[in-house]
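Undergrad: Input data.csv, format and content: CSV, N, CA and C atoms.
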```csv
chain,number,residue,atom,x,y,z
A,4,MET,N,-6.3,22.9,8.3
A,4,MET,CA,-7.0,21.8,9.0
A,4,MET,C,-7.6,20.9,7.9
A,5,PHE,N,-8.2,21.5,6.9
A,5,PHE,CA,-8.9,20.8,5.8
A,5,PHE,C,-7.9,19.7,5.2
A,6,ALA,N,-6.7,20.1,4.9
A,6,ALA,CA,-5.7,19.2,4.3
A,6,ALA,C,-5.5,18.0,5.2
A,7,LEU,N,-5.3,18.2,6.5
A,7,LEU,CA,-5.1,17.2,7.4
A,7,LEU,C,-6.3,16.2,7.5
A,8,THR,N,-7.5,16.8,7.5
A,8,THR,CA,-8.7,16.0,7.6
A,8,THR,C,-8.8,15.1,6.3
A,9,GLY,N,-8.5,15.7,5.2
A,9,GLY,CA,-8.5,14.9,3.9
A,9,GLY,C,-7.5,13.8,3.9
A,10,HIS,N,-6.3,14.0,4.5
A,10,HIS,CA,-5.3,13.0,4.6
A,10,HIS,C,-5.8,11.9,5.5
A,11,MET,N,-6.4,12.2,6.6
A,11,MET,CA,-6.9,11.2,7.5
A,11,MET,C,-8.0,10.4,6.9
A,12,VAL,N,-8.9,11.0,6.2
A,12,VAL,CA,-10.0,10.3,5.5
A,12,VAL,C,-9.4,9.4,4.5
A,13,TRP,N,-8.5,9.8,3.7
A,13,TRP,CA,-7.9,9.0,2.6
A,13,TRP,C,-7.1,7.8,3.3
A,14,GLY,N,-6.5,8.0,4.4
A,14,GLY,CA,-5.8,6.9,5.1
A,14,GLY,C,-6.8,5.9,5.6
A,15,MET,N,-7.9,6.3,6.1
A,15,MET,CA,-8.9,5.4,6.5
A,15,MET,C,-9.5,4.6,5.4
A,16,VAL,N,-9.7,5.3,4.2
A,16,VAL,CA,-10.2,4.6,3.0
A,16,VAL,C,-9.2,3.6,2.5
A,17,VAL,N,-8.0,3.9,2.5
A,17,VAL,CA,-6.9,2.9,2.1
A,17,VAL,C,-6.9,1.7,3.1
A,18,GLY,N,-7.0,2.0,4.4
A,18,GLY,CA,-7.1,0.9,5.3
A,18,GLY,C,-8.3,0.0,5.1
A,19,ALA,N,-9.5,0.6,4.8
A,19,ALA,CA,-10.7,-0.2,4.5
A,19,ALA,C,-10.5,-1.0,3.2
A,20,LEU,N,-9.9,-0.4,2.2
A,20,LEU,CA,-9.7,-1.1,0.9
A,20,LEU,C,-8.7,-2.2,1.1
A,21,LEU,N,-7.7,-2.1,2.0
A,21,LEU,CA,-6.7,-3.1,2.2
A,21,LEU,C,-7.4,-4.3,2.8
A,22,ILE,N,-8.3,-4.1,3.8
A,22,ILE,CA,-9.1,-5.2,4.4
A,22,ILE,C,-9.9,-5.9,3.3
A,23,ILE,N,-10.6,-5.1,2.5
A,23,ILE,CA,-11.4,-5.7,1.4
A,23,ILE,C,-10.6,-6.5,0.5
A,24,ARG,N,-9.4,-6.0,0.1
A,24,ARG,CA,-8.5,-6.7,-0.8
A,24,ARG,C,-8.1,-8.1,-0.2
A,25,PHE,N,-7.8,-8.1,1.1
A,25,PHE,CA,-7.4,-9.4,1.7
A,25,PHE,C,-8.6,-10.4,1.6
A,26,ILE,N,-9.8,-9.9,1.9
A,26,ILE,CA,-11.0,-10.8,1.8
A,26,ILE,C,-11.1,-11.3,0.4
A,27,VAL,N,-11.1,-10.4,-0.6
A,27,VAL,CA,-11.2,-10.8,-2.0
A,27,VAL,C,-10.1,-11.8,-2.4
A,28,ARG,N,-8.9,-11.5,-1.9
A,28,ARG,CA,-7.8,-12.4,-2.3
A,28,ARG,C,-7.9,-13.8,-1.7
A,29,THR,N,-8.5,-13.9,-0.5
A,29,THR,CA,-8.7,-15.3,0.1
A,29,THR,C,-9.8,-16.0,-0.6
A,30,LYS,N,-10.8,-15.3,-1.1
A,30,LYS,CA,-12.0,-15.9,-1.6
A,30,LYS,C,-12.0,-16.2,-3.1
A,31,SER,N,-11.0,-15.6,-3.9
A,31,SER,CA,-11.0,-15.7,-5.3
A,31,SER,C,-9.9,-16.7,-5.8
A,32,GLN,N,-10.1,-17.2,-7.0
A,32,GLN,CA,-9.2,-18.1,-7.6
A,32,GLN,C,-8.0,-17.3,-8.1
A,33,LYS,N,-6.8,-17.9,-7.9
A,33,LYS,CA,-5.6,-17.2,-8.3
A,33,LYS,C,-5.0,-17.8,-9.5
A,34,PRO,N,-4.5,-17.0,-10.4
A,34,PRO,CA,-3.8,-17.6,-11.6
A,34,PRO,C,-2.5,-18.2,-11.1
A,35,PRO,N,-1.9,-19.1,-12.0
A,35,PRO,CA,-0.5,-19.6,-11.6
A,35,PRO,C,0.5,-18.4,-11.5
A,36,LYS,N,1.5,-18.6,-10.7
A,36,LYS,CA,2.5,-17.6,-10.5
A,36,LYS,C,3.2,-17.3,-11.9
A,37,ALA,N,3.5,-16.1,-12.1
A,37,ALA,CA,4.2,-15.7,-13.3
A,37,ALA,C,5.7,-16.3,-13.2
A,38,ASP,N,6.1,-16.7,-14.4
A,38,ASP,CA,7.5,-17.2,-14.5
A,38,ASP,C,8.3,-16.4,-15.4
A,39,SER,N,9.4,-15.7,-14.9
A,39,SER,CA,10.2,-14.9,-15.7
A,39,SER,C,11.4,-15.7,-16.3
A,40,GLY,N,11.5,-16.9,-15.9
A,40,GLY,CA,12.6,-17.7,-16.3
A,40,GLY,C,13.8,-17.6,-15.4
A,41,SER,N,13.7,-16.8,-14.4
A,41,SER,CA,14.8,-16.6,-13.4
A,41,SER,C,14.2,-16.8,-12.0
A,42,ARG,N,14.8,-17.7,-11.3
A,42,ARG,CA,14.3,-18.0,-9.9
A,42,ARG,C,14.5,-16.7,-9.0
A,43,LEU,N,15.6,-16.0,-9.3
A,43,LEU,CA,15.9,-14.8,-8.5
A,43,LEU,C,14.9,-13.7,-8.8
A,44,LEU,N,14.5,-13.5,-10.0
A,44,LEU,CA,13.5,-12.5,-10.4
A,44,LEU,C,12.1,-12.9,-9.9
A,45,ASP,N,11.8,-14.2,-10.0
A,45,ASP,CA,10.5,-14.7,-9.5
A,45,ASP,C,10.4,-14.5,-8.0
A,46,TYR,N,11.5,-14.8,-7.2
A,46,TYR,CA,11.5,-14.6,-5.8
A,46,TYR,C,11.4,-13.1,-5.5
A,47,GLY,N,12.1,-12.3,-6.2
A,47,GLY,CA,12.0,-10.8,-6.0
A,47,GLY,C,10.6,-10.3,-6.2
A,48,ALA,N,9.9,-10.8,-7.2
A,48,ALA,CA,8.6,-10.4,-7.5
A,48,ALA,C,7.7,-10.7,-6.4
A,49,GLN,N,7.8,-11.9,-5.9
A,49,GLN,CA,7.0,-12.4,-4.7
A,49,GLN,C,7.3,-11.5,-3.5
A,50,ALA,N,8.5,-11.3,-3.2
A,50,ALA,CA,8.9,-10.4,-2.1
A,50,ALA,C,8.4,-9.0,-2.3
A,51,ALA,N,8.4,-8.5,-3.5
A,51,ALA,CA,7.9,-7.1,-3.7
A,51,ALA,C,6.4,-7.1,-3.5
A,52,HIS,N,5.7,-8.1,-3.9
A,52,HIS,CA,4.2,-8.1,-3.7
A,52,HIS,C,3.9,-8.1,-2.2
A,53,TRP,N,4.5,-9.0,-1.5
A,53,TRP,CA,4.3,-9.0,0.0
A,53,TRP,C,4.8,-7.8,0.6
A,54,GLY,N,5.9,-7.2,0.1
A,54,GLY,CA,6.4,-6.0,0.7
A,54,GLY,C,5.4,-4.8,0.5
A,55,LEU,N,4.8,-4.8,-0.6
A,55,LEU,CA,3.8,-3.7,-0.8
A,55,LEU,C,2.6,-3.9,0.2
A,56,TYR,N,2.1,-5.1,0.4
A,56,TYR,CA,1.1,-5.3,1.3
A,56,TYR,C,1.5,-4.8,2.7
A,57,ILE,N,2.7,-5.3,3.1
A,57,ILE,CA,3.2,-4.9,4.5
A,57,ILE,C,3.4,-3.4,4.6
A,58,LEU,N,3.9,-2.8,3.6
A,58,LEU,CA,4.2,-1.4,3.7
A,58,LEU,C,2.9,-0.6,3.7
A,59,VAL,N,1.9,-1.0,2.9
A,59,VAL,CA,0.6,-0.3,3.0
A,59,VAL,C,0.0,-0.4,4.4
A,60,PHE,N,0.0,-1.6,4.9
A,60,PHE,CA,-0.5,-1.8,6.3
A,60,PHE,C,0.3,-1.0,7.3
A,61,ALA,N,1.6,-1.0,7.1
A,61,ALA,CA,2.4,-0.2,8.1
A,61,ALA,C,2.2,1.3,7.9
A,62,MET,N,1.9,1.8,6.7
A,62,MET,CA,1.6,3.2,6.4
A,62,MET,C,0.3,3.5,7.1
A,63,VAL,N,-0.7,2.7,7.0
A,63,VAL,CA,-2.0,2.9,7.6
A,63,VAL,C,-1.8,2.9,9.1
A,64,ALA,N,-1.1,2.0,9.7
A,64,ALA,CA,-0.9,1.8,11.1
A,64,ALA,C,-0.1,3.1,11.7
A,65,SER,N,0.9,3.5,10.9
A,65,SER,CA,1.7,4.6,11.4
A,65,SER,C,0.9,5.9,11.3
A,66,GLY,N,0.0,6.0,10.3
A,66,GLY,CA,-0.9,7.2,10.2
A,66,GLY,C,-1.9,7.2,11.4
A,67,LEU,N,-2.4,6.0,11.7
A,67,LEU,CA,-3.3,5.9,12.9
A,67,LEU,C,-2.6,6.2,14.1
A,68,GLY,N,-1.4,5.7,14.3
A,68,GLY,CA,-0.5,6.0,15.4
A,68,GLY,C,-0.3,7.5,15.6
A,69,THR,N,0.0,8.1,14.5
A,69,THR,CA,0.2,9.6,14.6
A,69,THR,C,-1.0,10.3,15.0
A,70,ALA,N,-2.2,9.9,14.4
A,70,ALA,CA,-3.4,10.6,14.8
A,70,ALA,C,-3.8,10.4,16.3
A,71,LEU,N,-3.5,9.2,16.7
A,71,LEU,CA,-3.8,8.9,18.2
A,71,LEU,C,-2.8,9.6,19.1
A,72,SER,N,-1.5,9.6,18.7
A,72,SER,CA,-0.5,10.3,19.5
A,72,SER,C,-0.8,11.8,19.6
A,73,ALA,N,-1.2,12.4,18.6
A,73,ALA,CA,-1.4,13.9,18.5
A,73,ALA,C,-2.8,14.3,18.8
A,74,ASP,N,-3.7,13.3,19.1
A,74,ASP,CA,-5.1,13.5,19.4
A,74,ASP,C,-5.8,14.2,18.3
A,75,LEU,N,-5.4,13.8,17.0
A,75,LEU,CA,-5.9,14.5,15.8
A,75,LEU,C,-7.4,14.2,15.6
A,76,PHE,N,-7.9,13.0,16.0
A,76,PHE,CA,-9.3,12.7,15.8
A,76,PHE,C,-10.2,13.7,16.5
A,77,SER,N,-9.9,14.0,17.8
A,77,SER,CA,-10.7,14.9,18.5
A,77,SER,C,-10.5,16.4,18.0
A,78,ILE,N,-9.4,16.7,17.5
A,78,ILE,CA,-9.1,18.0,17.0
A,78,ILE,C,-9.9,18.2,15.7
A,79,THR,N,-9.8,17.2,14.7
A,79,THR,CA,-10.4,17.4,13.4
A,79,THR,C,-11.8,17.0,13.3
A,80,PHE,N,-12.2,16.0,14.0
A,80,PHE,CA,-13.6,15.5,13.9
A,80,PHE,C,-14.5,15.7,15.1
A,81,GLY,N,-13.9,15.9,16.3
A,81,GLY,CA,-14.6,15.9,17.5
A,81,GLY,C,-14.9,17.3,18.1
A,82,GLY,N,-14.5,18.3,17.4
A,82,GLY,CA,-14.9,19.7,17.9
A,82,GLY,C,-13.9,20.2,18.9
A,83,ASN,N,-12.9,19.5,19.2
A,83,ASN,CA,-11.9,20.0,20.1
A,83,ASN,C,-11.2,21.3,19.5
A,84,ARG,N,-11.2,22.3,20.2
A,84,ARG,CA,-10.7,23.6,19.7
A,84,ARG,C,-9.2,23.8,19.8
A,85,GLU,N,-8.5,22.8,20.3
A,85,GLU,CA,-7.1,22.9,20.4
A,85,GLU,C,-6.4,23.0,19.0
A,86,PRO,N,-5.3,23.7,18.9
A,86,PRO,CA,-4.7,23.8,17.5
A,86,PRO,C,-4.0,22.4,17.2
A,87,ILE,N,-3.9,22.2,15.9
A,87,ILE,CA,-3.1,21.0,15.4
A,87,ILE,C,-1.6,21.3,15.8
A,88,PRO,N,-0.9,20.3,16.3
A,88,PRO,CA,0.5,20.5,16.6
A,88,PRO,C,1.2,21.0,15.4
A,89,ALA,N,2.1,22.0,15.7
A,89,ALA,CA,2.8,22.6,14.6
A,89,ALA,C,3.8,21.7,13.9
A,90,ASN,N,4.3,20.7,14.6
A,90,ASN,CA,5.3,19.8,14.1
A,90,ASN,C,5.0,18.4,14.5
A,91,LEU,N,4.4,17.7,13.5
A,91,LEU,CA,4.0,16.3,13.8
A,91,LEU,C,5.2,15.3,13.9
A,92,THR,N,6.4,15.8,13.4
A,92,THR,CA,7.5,14.9,13.4
A,92,THR,C,8.0,14.7,14.8
A,93,GLN,N,7.4,15.3,15.8
A,93,GLN,CA,7.8,15.1,17.2
A,93,GLN,C,7.2,13.7,17.7
A,94,TYR,N,6.3,13.2,16.9
A,94,TYR,CA,5.7,11.9,17.2
A,94,TYR,C,6.4,10.8,16.4
A,95,ALA,N,6.9,9.7,17.0
A,95,ALA,CA,7.6,8.6,16.4
A,95,ALA,C,6.8,8.0,15.2
A,96,PRO,N,5.5,7.8,15.4
A,96,PRO,CA,4.7,7.2,14.2
A,96,PRO,C,4.8,8.1,13.0
A,97,ARG,N,4.8,9.4,13.2
A,97,ARG,CA,4.9,10.3,12.0
A,97,ARG,C,6.2,10.2,11.3
A,98,VAL,N,7.3,10.0,12.0
A,98,VAL,CA,8.6,9.8,11.4
A,98,VAL,C,8.6,8.5,10.7
A,99,ALA,N,8.1,7.5,11.3
A,99,ALA,CA,8.0,6.2,10.6
A,99,ALA,C,7.1,6.3,9.3
A,100,HIS,N,6.0,7.1,9.4
A,100,HIS,CA,5.1,7.3,8.3
A,100,HIS,C,5.9,7.8,7.1
A,101,GLY,N,6.7,8.8,7.3
A,101,GLY,CA,7.5,9.4,6.2
A,101,GLY,C,8.5,8.4,5.7
A,102,LEU,N,9.2,7.6,6.5
A,102,LEU,CA,10.2,6.6,6.1
A,102,LEU,C,9.5,5.5,5.3
A,103,ILE,N,8.4,5.1,5.7
A,103,ILE,CA,7.6,4.0,5.0
A,103,ILE,C,7.2,4.5,3.7
A,104,GLY,N,6.8,5.8,3.6
A,104,GLY,CA,6.4,6.4,2.3
A,104,GLY,C,7.6,6.3,1.3
A,105,LYS,N,8.8,6.7,1.7
A,105,LYS,CA,9.9,6.7,0.9
A,105,LYS,C,10.3,5.2,0.4
A,106,ILE,N,10.2,4.3,1.3
A,106,ILE,CA,10.5,2.9,0.9
A,106,ILE,C,9.4,2.4,0.0
A,107,MET,N,8.2,2.7,0.2
A,107,MET,CA,7.1,2.3,-0.6
A,107,MET,C,7.3,2.9,-2.0
A,108,LEU,N,7.7,4.1,-2.1
A,108,LEU,CA,7.9,4.7,-3.5
A,108,LEU,C,9.0,3.9,-4.2
A,109,ILE,N,10.0,3.5,-3.6
A,109,ILE,CA,11.1,2.7,-4.2
A,109,ILE,C,10.5,1.4,-4.7
A,110,LEU,N,9.7,0.8,-3.8
A,110,LEU,CA,9.1,-0.5,-4.2
A,110,LEU,C,8.1,-0.4,-5.3
A,111,ILE,N,7.4,0.7,-5.4
A,111,ILE,CA,6.5,0.9,-6.5
A,111,ILE,C,7.2,1.1,-7.8
A,112,VAL,N,8.3,1.8,-7.8
A,112,VAL,CA,9.2,2.0,-9.0
A,112,VAL,C,9.7,0.6,-9.5
A,113,LEU,N,10.1,-0.2,-8.5
A,113,LEU,CA,10.6,-1.6,-8.9
A,113,LEU,C,9.4,-2.4,-9.4
A,114,HIS,N,8.3,-2.2,-8.9
A,114,HIS,CA,7.1,-2.9,-9.3
A,114,HIS,C,6.7,-2.6,-10.8
A,115,VAL,N,6.8,-1.3,-11.1
A,115,VAL,CA,6.5,-0.8,-12.5
A,115,VAL,C,7.6,-1.3,-13.4
A,116,ALA,N,8.9,-1.4,-12.9
A,116,ALA,CA,10.0,-1.9,-13.8
A,116,ALA,C,9.7,-3.4,-14.0
A,117,GLY,N,9.2,-4.1,-13.1
A,117,GLY,CA,8.9,-5.6,-13.3
A,117,GLY,C,7.8,-5.7,-14.3
A,118,TRP,N,6.8,-4.9,-14.2
A,118,TRP,CA,5.7,-4.9,-15.2
A,118,TRP,C,6.3,-4.6,-16.6
A,119,ALA,N,7.1,-3.6,-16.7
A,119,ALA,CA,7.7,-3.3,-18.0
A,119,ALA,C,8.6,-4.4,-18.6
A,120,PHE,N,9.3,-5.1,-17.7
A,120,PHE,CA,10.1,-6.3,-18.1
A,120,PHE,C,9.2,-7.4,-18.7
A,121,HIS,N,8.1,-7.7,-18.0
A,121,HIS,CA,7.2,-8.7,-18.5
A,121,HIS,C,6.5,-8.2,-19.8
A,122,GLN,N,6.1,-6.9,-19.9
A,122,GLN,CA,5.4,-6.4,-21.0
A,122,GLN,C,6.2,-6.3,-22.3
A,123,PHE,N,7.4,-5.8,-22.1
A,123,PHE,CA,8.2,-5.4,-23.3
A,123,PHE,C,9.4,-6.3,-23.6
A,124,VAL,N,9.9,-7.0,-22.5
A,124,VAL,CA,11.0,-7.9,-22.8
A,124,VAL,C,10.5,-9.4,-23.0
A,125,LEU,N,9.8,-9.9,-22.0
A,125,LEU,CA,9.3,-11.2,-22.0
A,125,LEU,C,8.0,-11.4,-22.9
A,126,ARG,N,7.3,-10.3,-23.0
A,126,ARG,CA,6.0,-10.3,-23.8
A,126,ARG,C,5.1,-11.5,-23.5
A,127,ASP,N,4.9,-11.7,-22.2
A,127,ASP,CA,4.2,-12.9,-21.8
A,127,ASP,C,2.7,-12.6,-21.4
A,128,GLY,N,2.2,-11.4,-21.6
A,128,GLY,CA,0.8,-11.1,-21.4
A,128,GLY,C,0.5,-11.1,-19.9
A,129,LEU,N,1.4,-10.8,-19.1
A,129,LEU,CA,1.2,-10.8,-17.6
A,129,LEU,C,0.0,-10.0,-17.2
A,130,ILE,N,-0.2,-8.8,-17.7
A,130,ILE,CA,-1.2,-7.9,-17.3
A,130,ILE,C,-2.6,-8.5,-17.7
A,131,SER,N,-2.7,-9.2,-18.7
A,131,SER,CA,-4.0,-9.8,-19.1
A,131,SER,C,-4.5,-10.8,-18.0
A,132,ARG,N,-3.6,-11.3,-17.2
A,132,ARG,CA,-4.0,-12.2,-16.1
A,132,ARG,C,-4.7,-11.5,-15.0
A,133,LEU,N,-4.5,-10.2,-15.0
A,133,LEU,CA,-5.0,-9.4,-13.8
A,133,LEU,C,-6.4,-8.8,-14.1
A,134,TRP,N,-6.9,-8.9,-15.3
A,134,TRP,CA,-8.1,-8.2,-15.7
A,134,TRP,C,-9.3,-9.1,-15.3
A,135,PHE,N,-10.5,-8.5,-15.4
A,135,PHE,CA,-11.7,-9.2,-15.1
A,135,PHE,C,-12.0,-10.3,-16.1
A,136,GLY,N,-12.9,-11.2,-15.7
A,136,GLY,CA,-13.3,-12.2,-16.7
A,136,GLY,C,-12.8,-13.6,-16.3
A,137,LYS,N,-13.0,-14.5,-17.2
A,137,LYS,CA,-12.6,-15.9,-16.9
A,137,LYS,C,-11.0,-16.0,-16.8
A,138,ARG,N,-10.6,-16.6,-15.7
A,138,ARG,CA,-9.1,-16.8,-15.6
A,138,ARG,C,-8.8,-18.2,-16.0
A,139,HIS,N,-7.7,-18.3,-16.7
A,139,HIS,CA,-7.2,-19.6,-17.1
A,139,HIS,C,-6.1,-20.1,-16.1
A,140,THR,N,-6.5,-21.0,-15.2
A,140,THR,CA,-5.6,-21.5,-14.2
A,140,THR,C,-5.1,-22.8,-14.6
A,141,GLU,N,-3.9,-23.1,-14.2
A,141,GLU,CA,-3.3,-24.4,-14.5
A,141,GLU,C,-3.2,-25.3,-13.3
```
The structure in this file should be written as structure tokens.
TA:
Amino acid sequence: MFALTGHMVWGMVVGALLIIRFIVRTKSQKPPKADSGSRLLDYGAQAAHWGLYILVFAMVASGLGTALSADLFSITFGGNREPIPANLTQYAPRVAHGLIGKIMLILIVLHVAGWAFHQFVLRDGLISRLWFGKRHTE
């Protein structure tokens, strides 16, 4: 039960951080979009970034859906003495949760590949735009 509680807590933390990230994103100044020299790669980068946001939101939502479907909140936090269901894959949100995780892993690998392309092929200092301090916007 401890592992399940830990997963649920981390899921709630990620959900809260996602909300904070959206607030910070809307309130902060953004640097100009990175240019790889290829419209296709630039479009792919933009799609990957939005895809990551959507997948993280979907992951949090499917985790919440699983917890609600299986009544996990009352079992783990509310003192309900019922056992945790032996197989959570009987709940559709849990199946979606696993699939979303696999898709997200692929997108993260592509994201790291994009970083490596900018860092080692283009050598355009893309990562320096993401750090704290004064941003040079055009």
Undergrad: Just the number, please: distance in Å from CA of Ala95 in chain A to atom N of His114 in chain A, one decimal.
TA: 27.5 Å
Undergrad: Please compute the CA of Ser39 in chain A-atom C of Leu129 in chain A distance, one decimal, in Å.
TA: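 These two atoms are separated by 11.4 Å.
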Undergrad: Could you tell me, as a PyMOL selection string, which residues of chain A DSSP assigns to helix (DSSP H, G or I) when given the backbone?
TA: chain A and resi 5-30+42-72+75-79+91-93+95-125+129-133
Undergrad: If we count only C-alpha atoms, what is near Ala48 in chain A at a cut-off of 10 Å, once residues fewer than 6 positions away on the same chain are taken out, given as an MDAnalysis selection string?
TA: chainID A and resid 36:39 42 54 113:114 117:118
Undergrad: Which is closer to Gly101 in chain A than all the others in A:Gln49, A:Asp127, A:Met62, A:Pro86, using all atoms listed in the file?
TA: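 Closest to Gly101 in chain A, using all atoms listed in the file: A:Met62.
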Undergrad: Please identify all polymer residues within 8 Å of range 89-92 of chain A, counting only C-alpha atoms, omitting same-chain residues fewer than 3 positions from it, and present them as a VMD selection string.
TA: chain A and resid 69 73 95 97 to 98
Undergrad: So how many Å separate atom N of Ala99 in chain A and CA of Phe60 in chain A, to one decimal?
TA: 13.6 Å
Undergrad: So that I can check the surroundings of Gly66 in chain A, please list as a VMD selection string every protein, DNA and RNA residue that reaches within 8 Å of it, counting only C-alpha atoms and ignoring chain neighbours fewer than 2 positions away.
TA: chain A and resid 11 14 62 to 64 68 to 70 96 to 97 100
Undergrad: Just the residues within 9 Å of Val59 in chain A, please, counting only C-alpha atoms, with nothing from its chain fewer than 6 positions along; format it as a list in words.
TA: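 My list of contacting residues is Val17, Gly18, Leu21, Ile103, Gly104 and Met107 of chain A.
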Undergrad: Hey, which of A:Leu110, A:Ala19, A:Phe25, A:Ala6 ends up closest to Ala51 in chain A? Count only N, CA and C atoms.
TA: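 Using only N, CA and C atoms, the shortest distance to Ala51 in chain A belongs to A:Leu110.
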Undergrad: Point out the residue among A:Leu43, A:Val115, A:Leu67, A:Ile87 with the least atom-to-atom distance to Trp13 in chain A, counting only C-alpha atoms.
TA: A:Leu67
Undergrad: Compare A:Asp45, A:Val12, A:Ile106, A:Ile78 by their minimum atom-to-atom distance to Leu58 in chain A, counting all atoms listed in the file, and give me the closest one.
TA: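 Looking at the shortest contact to Leu58 in chain A, the residue is A:Ile106.
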